[in-house]
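Here's the structure, in structure tokens; my notes come after.
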Amino acid sequence: MKVILLKDVDKIGKKYEVKNVSDGHARNLLIPKGLVKPATDEALEWLEIQKEILRKKAEDDLKKTEGDVSAIDGMEVVILVKVGDEGQLFESINSQKISERLKELGFDIKKTQITLENPIKEIGEFPVKLHFEHNLEAEIKVIVTEEK
């Protein structure tokens with residue numbers, strides 16, 4: 001029986017693929033669980049519409065991500081910290097702190113998107129890479145300076 005997968009199904013295929021499965025497997029397990037539907041002419045037309053919707057959504061998402069990357073690439077982010085008498089920081093700057101500062105500036109960047117080899121423990125300027133969906137990257141400059 002030819003079926004359209006409505007969800008990813010182990011050992012059969014991915015969502016929206018058309019596959020051949022045994023009649024019994026389809027009728028007794030896959031259809032009752034809502035994992036597939038029979039590949040009728042109407043269902044195949046519906047499938048093409050769904051694939052087109054997904055393509056448009058992916059294109060829109062790519063354009064939005066490219067816009068975010070171009071807006072943030074090369075940006076200088078200043079983080080103010082308390083500094084001791086000998087110039088040591090009272091706190092290190094990690095991905096979480098950079099993410100919070102970017103959120104304050106209006107960018108929704110998660111700490112997992114920030115590549116920071118080691119926490120920043122001194123005053124200065126540091127290049128930091130940001131990773132986005134669609135394999136896009138941006139680089140910002142984190143400027144750690146003393147809070148007056």
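How things are named: the first chain in the structure tokens is A, the next is B, and so on; residues count from 1 in each chain; ligands count from 1 in the order shown.
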Strand (DSSP E) per DSSP on the backbone: members of region 26-134 of chain A, as a list in words
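Matching residues for strand (DSSP E) in region 26-134 of chain A are Val36, Lys37, Pro38, Glu76, Val77, Val78, Ile79, Leu80, Val81, Ile114, Thr115, Gly124, Glu125, Phe126, Pro127, Val128, Lys129, Leu130, His131 and Phe132 of chain A.
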Since we have the selection now, will you write its residues out, keeping C-alpha atoms, as a PDB file, in the first residue's frame?
```
ATOM      1  CA  VAL A  36       0.376   7.853   7.706  1.00  0.00           C
ATOM      2  CA  LYS A  37      -2.526   8.307   5.349  1.00  0.00           C
ATOM      3  CA  PRO A  38      -3.240   6.430   2.124  1.00  0.00           C
ATOM      4  CA  GLU A  76      30.451  46.182  19.301  1.00  0.00           C
ATOM      5  CA  VAL A  77      28.868  45.045  22.563  1.00  0.00           C
ATOM      6  CA  VAL A  78      30.012  46.851  25.690  1.00  0.00           C
ATOM      7  CA  ILE A  79      29.764  45.004  29.002  1.00  0.00           C
ATOM      8  CA  LEU A  80      30.426  46.953  32.190  1.00  0.00           C
ATOM      9  CA  VAL A  81      31.941  45.055  35.128  1.00  0.00           C
ATOM     10  CA  ILE A 114      27.698  31.956  21.150  1.00  0.00           C
ATOM     11  CA  THR A 115      31.143  30.420  20.670  1.00  0.00           C
ATOM     12  CA  GLY A 124      39.698  44.475  26.761  1.00  0.00           C
ATOM     13  CA  GLU A 125      38.175  43.740  23.356  1.00  0.00           C
ATOM     14  CA  PHE A 126      37.411  40.170  22.334  1.00  0.00           C
ATOM     15  CA  PRO A 127      36.049  38.766  19.040  1.00  0.00           C
ATOM     16  CA  VAL A 128      33.117  36.383  19.557  1.00  0.00           C
ATOM     17  CA  LYS A 129      31.418  34.222  16.916  1.00  0.00           C
ATOM     18  CA  LEU A 130      27.650  33.747  16.798  1.00  0.00           C
ATOM     19  CA  HIS A 131      26.052  30.795  15.004  1.00  0.00           C
ATOM     20  CA  PHE A 132      22.613  30.968  13.381  1.00  0.00           C
TER      21      PHE A 132
END
```
Please report, as a list in words, each residue of region 21-62 of chain A to which DSSP assigns alpha helix (DSSP H) when run on this structure's backbone.
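Filtering region 21-62 of chain A down to alpha helix (DSSP H) leaves Asp23, Gly24, His25, Asp41, Glu42, Ala43, Leu44, Glu45, Trp46, Leu47, Glu48, Ile49, Gln50, Lys51, Glu52, Ile53, Leu54, Arg55, Lys56, Lys57, Ala58, Glu59, Asp60, Asp61 and Leu62 of chain A.
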Emit the selected residues as a PDB file, in the first residue's frame, including N, CA and C atoms.
```pdb
ATOM      1  N   ASP A  23       0.142  -3.843   3.486  1.00  0.00           N
ATOM      2  CA  ASP A  23      -1.241  -3.451   3.787  1.00  0.00           C
ATOM      3  C   ASP A  23      -1.557  -3.616   5.272  1.00  0.00           C
ATOM      4  N   GLY A  24      -1.173  -4.747   5.836  1.00  0.00           N
ATOM      5  CA  GLY A  24      -1.484  -5.030   7.245  1.00  0.00           C
ATOM      6  C   GLY A  24      -0.799  -4.044   8.179  1.00  0.00           C
ATOM      7  N   HIS A  25       0.451  -3.741   7.906  1.00  0.00           N
ATOM      8  CA  HIS A  25       1.192  -2.793   8.748  1.00  0.00           C
ATOM      9  C   HIS A  25       0.539  -1.411   8.702  1.00  0.00           C
ATOM     10  N   ASP A  41      -5.154  10.204  -4.882  1.00  0.00           N
ATOM     11  CA  ASP A  41      -4.869  11.374  -5.726  1.00  0.00           C
ATOM     12  C   ASP A  41      -5.064  12.672  -4.950  1.00  0.00           C
ATOM     13  N   GLU A  42      -6.150  12.757  -4.166  1.00  0.00           N
ATOM     14  CA  GLU A  42      -6.419  13.955  -3.361  1.00  0.00           C
ATOM     15  C   GLU A  42      -5.312  14.160  -2.318  1.00  0.00           C
ATOM     16  N   ALA A  43      -4.885  13.070  -1.700  1.00  0.00           N
ATOM     17  CA  ALA A  43      -3.844  13.164  -0.672  1.00  0.00           C
ATOM     18  C   ALA A  43      -2.515  13.609  -1.280  1.00  0.00           C
ATOM     19  N   LEU A  44      -2.228  13.163  -2.501  1.00  0.00           N
ATOM     20  CA  LEU A  44      -0.986  13.583  -3.154  1.00  0.00           C
ATOM     21  C   LEU A  44      -1.022  15.058  -3.527  1.00  0.00           C
ATOM     22  N   GLU A  45      -2.196  15.573  -3.906  1.00  0.00           N
ATOM     23  CA  GLU A  45      -2.338  17.021  -4.154  1.00  0.00           C
ATOM     24  C   GLU A  45      -2.124  17.791  -2.863  1.00  0.00           C
ATOM     25  N   TRP A  46      -2.725  17.304  -1.765  1.00  0.00           N
ATOM     26  CA  TRP A  46      -2.550  17.918  -0.447  1.00  0.00           C
ATOM     27  C   TRP A  46      -1.069  17.932  -0.082  1.00  0.00           C
ATOM     28  N   LEU A  47      -0.348  16.836  -0.384  1.00  0.00           N
ATOM     29  CA  LEU A  47       1.073  16.731  -0.074  1.00  0.00           C
ATOM     30  C   LEU A  47       1.879  17.805  -0.804  1.00  0.00           C
ATOM     31  N   GLU A  48       1.582  18.036  -2.076  1.00  0.00           N
ATOM     32  CA  GLU A  48       2.293  19.064  -2.837  1.00  0.00           C
ATOM     33  C   GLU A  48       2.066  20.449  -2.232  1.00  0.00           C
ATOM     34  N   ILE A  49       0.832  20.716  -1.800  1.00  0.00           N
ATOM     35  CA  ILE A  49       0.519  21.997  -1.155  1.00  0.00           C
ATOM     36  C   ILE A  49       1.333  22.137   0.139  1.00  0.00           C
ATOM     37  N   GLN A  50       1.416  21.064   0.933  1.00  0.00           N
ATOM     38  CA  GLN A  50       2.164  21.108   2.188  1.00  0.00           C
ATOM     39  C   GLN A  50       3.645  21.351   1.937  1.00  0.00           C
ATOM     40  N   LYS A  51       4.186  20.695   0.909  1.00  0.00           N
ATOM     41  CA  LYS A  51       5.607  20.890   0.588  1.00  0.00           C
ATOM     42  C   LYS A  51       5.878  22.326   0.147  1.00  0.00           C
ATOM     43  N   GLU A  52       4.953  22.912  -0.608  1.00  0.00           N
ATOM     44  CA  GLU A  52       5.107  24.306  -1.055  1.00  0.00           C
ATOM     45  C   GLU A  52       5.066  25.261   0.148  1.00  0.00           C
ATOM     46  N   ILE A  53       4.158  24.991   1.079  1.00  0.00           N
ATOM     47  CA  ILE A  53       4.077  25.809   2.298  1.00  0.00           C
ATOM     48  C   ILE A  53       5.388  25.728   3.071  1.00  0.00           C
ATOM     49  N   LEU A  54       5.942  24.528   3.197  1.00  0.00           N
ATOM     50  CA  LEU A  54       7.218  24.365   3.906  1.00  0.00           C
ATOM     51  C   LEU A  54       8.355  25.087   3.192  1.00  0.00           C
ATOM     52  N   ARG A  55       8.361  25.024   1.842  1.00  0.00           N
ATOM     53  CA  ARG A  55       9.400  25.731   1.077  1.00  0.00           C
ATOM     54  C   ARG A  55       9.328  27.239   1.322  1.00  0.00           C
ATOM     55  N   LYS A  56       8.113  27.791   1.263  1.00  0.00           N
ATOM     56  CA  LYS A  56       7.950  29.234   1.486  1.00  0.00           C
ATOM     57  C   LYS A  56       8.356  29.619   2.895  1.00  0.00           C
ATOM     58  N   LYS A  57       7.982  28.795   3.868  1.00  0.00           N
ATOM     59  CA  LYS A  57       8.340  29.065   5.259  1.00  0.00           C
ATOM     60  C   LYS A  57       9.863  29.052   5.426  1.00  0.00           C
ATOM     61  N   ALA A  58      10.523  28.092   4.793  1.00  0.00           N
ATOM     62  CA  ALA A  58      11.986  28.011   4.880  1.00  0.00           C
ATOM     63  C   ALA A  58      12.646  29.225   4.236  1.00  0.00           C
ATOM     64  N   GLU A  59      12.110  29.680   3.106  1.00  0.00           N
ATOM     65  CA  GLU A  59      12.660  30.871   2.446  1.00  0.00           C
ATOM     66  C   GLU A  59      12.490  32.106   3.326  1.00  0.00           C
ATOM     67  N   ASP A  60      11.300  32.270   3.905  1.00  0.00           N
ATOM     68  CA  ASP A  60      11.050  33.413   4.784  1.00  0.00           C
ATOM     69  C   ASP A  60      11.964  33.368   6.000  1.00  0.00           C
ATOM     70  N   ASP A  61      12.140  32.172   6.547  1.00  0.00           N
ATOM     71  CA  ASP A  61      12.991  32.013   7.718  1.00  0.00           C
ATOM     72  C   ASP A  61      14.441  32.352   7.373  1.00  0.00           C
ATOM     73  N   LEU A  62      14.890  31.935   6.193  1.00  0.00           N
ATOM     74  CA  LEU A  62      16.252  32.238   5.749  1.00  0.00           C
ATOM     75  C   LEU A  62      16.443  33.747   5.591  1.00  0.00           C
TER      76      LEU A  62
END
```
Could you work out how far CA of Glu66 (chain A) lies from CA of Gly106 (chain A), giving the answer in Å with one decimal?
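Interatomic distance here is 16.1 Å.
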I want to know what sits within 9 Å of Glu146 (chain A), based on only C-alpha atoms, with residues of the same chain fewer than 2 positions away left out; could you give that as a PyMOL selection string?
chain A and resi 79-83+87+89+123+144+148
Please produce an output containing N, CA and C atoms for each residue in the selection, written as a tab-separated table (two decimals), in the first residue's frame.
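Once written, part-v4.tsv looks like this:
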```
chain	number	residue	atom	x	y	z
A	79	ILE	N	30.22	45.60	27.75
A	79	ILE	CA	29.76	45.00	29.00
A	79	ILE	C	30.54	45.67	30.13
A	80	LEU	N	29.81	46.28	31.04
A	80	LEU	CA	30.43	46.95	32.19
A	80	LEU	C	30.54	45.98	33.35
A	81	VAL	N	31.71	45.95	33.99
A	81	VAL	CA	31.94	45.05	35.13
A	81	VAL	C	32.68	45.79	36.24
A	82	LYS	N	32.51	45.27	37.43
A	82	LYS	CA	33.26	45.81	38.56
A	82	LYS	C	34.67	45.24	38.53
A	83	VAL	N	35.63	46.13	38.81
A	83	VAL	CA	37.04	45.75	38.72
A	83	VAL	C	37.71	46.04	40.05
A	87	GLY	N	43.06	45.47	38.85
A	87	GLY	CA	42.55	45.29	37.50
A	87	GLY	C	41.85	43.97	37.25
A	89	LEU	N	38.79	41.26	37.33
A	89	LEU	CA	37.33	41.32	37.29
A	89	LEU	C	36.75	40.57	38.48
A	123	ILE	N	39.82	42.94	31.28
A	123	ILE	CA	39.30	44.07	30.51
A	123	ILE	C	39.95	44.05	29.13
A	144	VAL	N	34.89	44.62	27.14
A	144	VAL	CA	34.73	44.55	28.60
A	144	VAL	C	35.43	45.77	29.17
A	148	LYS	N	32.06	52.45	36.30
A	148	LYS	CA	32.49	53.58	37.13
A	148	LYS	C	31.53	53.77	38.28
```
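Going from CA of Lys64 (chain A) to CA of Leu136 (chain A) covers 11.6 Å.
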To one decimal in Å, tell me the separation between CA of Asn135 (chain A) and CA of Lys110 (chain A).
15.4 Å
Which residues are near Ile93 (chain A)? Cut-off 6 Å, only C-alpha atoms, ignore same chain within fewer than 2 positions. Put them as a VMD selection string.
chain A and resid 97 119 to 120
Deliver the residues from the most recent selection as a file, using N, CA and C atoms, as a PDB file, in the first residue's frame.
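Ended up saving to out.pdb:
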```
ATOM      1  N   LYS A  97      26.189  35.793  29.974  1.00  0.00           N
ATOM      2  CA  LYS A  97      26.228  37.253  30.160  1.00  0.00           C
ATOM      3  C   LYS A  97      26.175  37.975  28.810  1.00  0.00           C
ATOM      4  N   PRO A 119      35.788  31.662  29.363  1.00  0.00           N
ATOM      5  CA  PRO A 119      35.180  32.901  29.858  1.00  0.00           C
ATOM      6  C   PRO A 119      36.199  34.037  29.851  1.00  0.00           C
ATOM      7  N   ILE A 120      35.712  35.240  29.609  1.00  0.00           N
ATOM      8  CA  ILE A 120      36.579  36.424  29.579  1.00  0.00           C
ATOM      9  C   ILE A 120      36.827  36.861  31.018  1.00  0.00           C
TER      10      ILE A 120
END
```
Of the listed residues A:Lys111, A:Lys121, A:Lys15, A:Lys2, that which approaches Glu91 (chain A) most closely, counting only C-alpha atoms:
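Closest candidate: A:Lys121.
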Pick out the residues sitting within 8 Å of Lys19 (chain A), and hand them over as a list in words; count only C-alpha atoms, and ignore anything fewer than 4 positions along from it in its own chain.
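After dropping sequence-adjacent residues, the list is Lys2, Val3, Ile4, Leu5, Ile12 and Gly13 of chain A.
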May I have the residues within 8 Å of Asp108 (chain A) as an mmCIF file with C-alpha atoms, in the first residue's frame, using only C-alpha atoms and disregarding those fewer than 3 positions away in the same chain?
```cif
data_model
loop_
_atom_site.group_PDB
_atom_site.id
_atom_site.type_symbol
_atom_site.label_atom_id
_atom_site.label_comp_id
_atom_site.auth_asym_id
_atom_site.auth_seq_id
_atom_site.Cartn_x
_atom_site.Cartn_y
_atom_site.Cartn_z
ATOM 1 C CA SER A 99 23.430 36.582 25.585
ATOM 2 C CA LEU A 102 22.440 41.129 23.431
ATOM 3 C CA LYS A 103 18.835 40.640 24.612
#
```
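Among the candidate residues A:Asp68, A:Lys11, A:Val21, A:Leu6, the one lying nearest to Gly34 (chain A) is A:Leu6, with distances computed using only C-alpha atoms.
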